[in-house]
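Q: Have a look at this one.
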Amino acid sequence: MGNASSTHKISAQDRAILDLKNQRDKLHKYQKRVTILTDQEKAIAKQCLARNDQGRARLALRRKKYQESLLAKTDAQLEQLEKLVGQVEFALVQKDVLYGLQEGTKVLQTINKEMGGIEGVEKLMEETEEARAYQEEIKNMLAGQLSNQDEDEVDAELEALEREVIKLPSVPITQPPVKLKGLEDERIAGEQEEAEKERTRIALPA
Amino acid sequence: MASASQLPTIPVPGTTTPFQFPPTYSFPPFFTPQPNSSTRLSQLQKWSSLIQSWCRHHRVYRLSLIEAVESPLFHNAALRKRISLSEARAILDWMARGEEEGGGGKRSEWIDGGNKTMAWIWWRRPEEWAGIIMDWVEGTGQKNMVLTVYELVEGEGTMSQEFHGMDSDIMLKSLTILVKRGKAQVFGSEGQEGVKFF
């Protein structure tokens, strides 16, 4: 199936289908023959009527009627045969589909087997969890060790830093002369607004 | 005597429009073997194409020479000219030879060997038919299906195809070519052959 390209084998099913189809062809041929016969009978009946021979015309028409009934019967048989051929061909398609499903399932199963089944996966997940927990422990241990040893040093450094930050506010004490200059400027009338702006500018760096 | 309007004595399945003969058909020297070799070659080529298109039009696959010399193909009643049996044989002989042998490209083939009274006229060579049949099988999704040869030639499914009503011998010849190419397998008893396409 599928990849067998070099050797095309004719299976027993193929032969059976051929037999069925041959039967169908035979019926086709038979119908052709009977149709020709009915046409002939009709022509004969016409000829007989032309010769005013009613008896023979009737006989010919009777034969024609009989042949037409045969034709109807073969039609029914033909339908049966064609149905059967259709069913067989459909069954073959179904077989192919089933084969495809089987192959697919097999592949899926082997892949699953390679993964070691549900238990294997569960075990693997457990192991992963364990390894992660172990890693966490190691990390915590390392982190803990560090803090125990250096806790005091860290605290000391923090205190030193804090002290430096608190000392800083004493720096601006040297600034007052700039503020006095600003007071003198205030006395000058008319330029009060500018003086104010200037003061704010000087005040900011303080 | 047969006249040009009369149907040929060879059976003509389902043709409605009359065959249009080429202008050379009304040219009297066309019916006499030409002595000059180059004129003769051109005459043979024209006869070959006329025979092929006439057979294609009338769906004639095997040509009986005895009947053909009486038919309008070889007998122009209007000109009162006809091709003699021996000249017809000479034309078909030329057609039967391959182009490399100075012939007409194997467009005919004697059926009865040395007697030379019946010939296949290959307006389509079996190889060409094989291609057409295979195209039809592929186009209708009938690969891997069992079909009877009768069904291919006479079935309702092939009604619109050019090979419908084809001589079953030619059908079998064409199928044999497909078998050789590995595209088909013919099986079953004689006269009831089935074919499976791959």
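If you're wondering about the labels, chains in the structure tokens are A, B, ... by order shown, residues count from 1 in each chain, ligands from 1 in order shown.
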Counting only C-alpha atoms, what are the residues of chain B within 10 Å of chain A, and for each of them which pair of atoms is the nearest and at what distance in Å, to one decimal? Sort the table by chain and rising number, as a Markdown table.
A:
```
| residue | atom | partner | partner_atom | distance |
| --- | --- | --- | --- | --- |
| B:Asn144 | CA | A:Asp14 | CA | 9.5 |
| B:Met145 | CA | A:Glu89 | CA | 8.1 |
| B:Val146 | CA | A:Asp14 | CA | 6.3 |
| B:Leu147 | CA | A:Leu18 | CA | 7.1 |
| B:Thr148 | CA | A:Lys21 | CA | 6.7 |
| B:Val149 | CA | A:Asn22 | CA | 9.4 |
| B:Tyr150 | CA | A:Asp25 | CA | 7.0 |
| B:Glu151 | CA | A:Asp25 | CA | 7.1 |
| B:Glu154 | CA | A:Asp25 | CA | 9.2 |
| B:Gly155 | CA | A:Asp25 | CA | 8.5 |
| B:Val179 | CA | A:His8 | CA | 9.9 |
| B:Gly182 | CA | A:Ser6 | CA | 7.5 |
| B:Lys183 | CA | A:His8 | CA | 8.8 |
| B:Ala184 | CA | A:His8 | CA | 8.1 |
| B:Gln185 | CA | A:His8 | CA | 7.3 |
| B:Val186 | CA | A:Ile10 | CA | 9.0 |
| B:Phe187 | CA | A:Ile10 | CA | 7.8 |
| B:Gly188 | CA | A:Arg15 | CA | 7.3 |
| B:Gly191 | CA | A:Asn22 | CA | 9.8 |
| B:Gln192 | CA | A:Asn22 | CA | 6.5 |
| B:Glu193 | CA | A:Leu18 | CA | 8.2 |
| B:Gly194 | CA | A:Leu18 | CA | 6.0 |
| B:Val195 | CA | A:Leu18 | CA | 8.5 |
| B:Lys196 | CA | A:Ile10 | CA | 8.0 |
| B:Phe197 | CA | A:His8 | CA | 9.4 |
| B:Phe198 | CA | A:His8 | CA | 7.8 |
```
Q: Give me, as a ChimeraX atom specification, all polymer residues having an atom no more than 8 Å from Pro126 of chain B, counting only C-alpha atoms and skipping those fewer than 6 positions away in the same chain.
A: /B:170-171,173-174,177
Q: For the residues selected in the previous step, produce a file with N, CA and C atoms as a PDB file, in the first residue's frame.
A:
```pdb
ATOM      1  N   ILE B 170      -7.227  -1.095 -30.247  1.00  0.00           N
ATOM      2  CA  ILE B 170      -6.338   0.057 -30.028  1.00  0.00           C
ATOM      3  C   ILE B 170      -6.313   0.409 -28.558  1.00  0.00           C
ATOM      4  N   MET B 171      -7.498   0.301 -27.915  1.00  0.00           N
ATOM      5  CA  MET B 171      -7.550   0.571 -26.473  1.00  0.00           C
ATOM      6  C   MET B 171      -6.578  -0.362 -25.755  1.00  0.00           C
ATOM      7  N   LYS B 173      -3.975  -1.901 -27.005  1.00  0.00           N
ATOM      8  CA  LYS B 173      -2.604  -1.519 -27.371  1.00  0.00           C
ATOM      9  C   LYS B 173      -2.138  -0.344 -26.509  1.00  0.00           C
ATOM     10  N   SER B 174      -3.013   0.654 -26.370  1.00  0.00           N
ATOM     11  CA  SER B 174      -2.654   1.829 -25.578  1.00  0.00           C
ATOM     12  C   SER B 174      -2.450   1.448 -24.122  1.00  0.00           C
ATOM     13  N   ILE B 177       0.836  -0.124 -23.421  1.00  0.00           N
ATOM     14  CA  ILE B 177       1.912   0.866 -23.271  1.00  0.00           C
ATOM     15  C   ILE B 177       1.949   1.384 -21.841  1.00  0.00           C
TER      16      ILE B 177
END
```
Q: Could you state the separation of atom CA of Ala72 of chain A and atom CA of Arg56 of chain A in Å, given to one decimal place?
A: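 These two atoms are separated by 24.4 Å.
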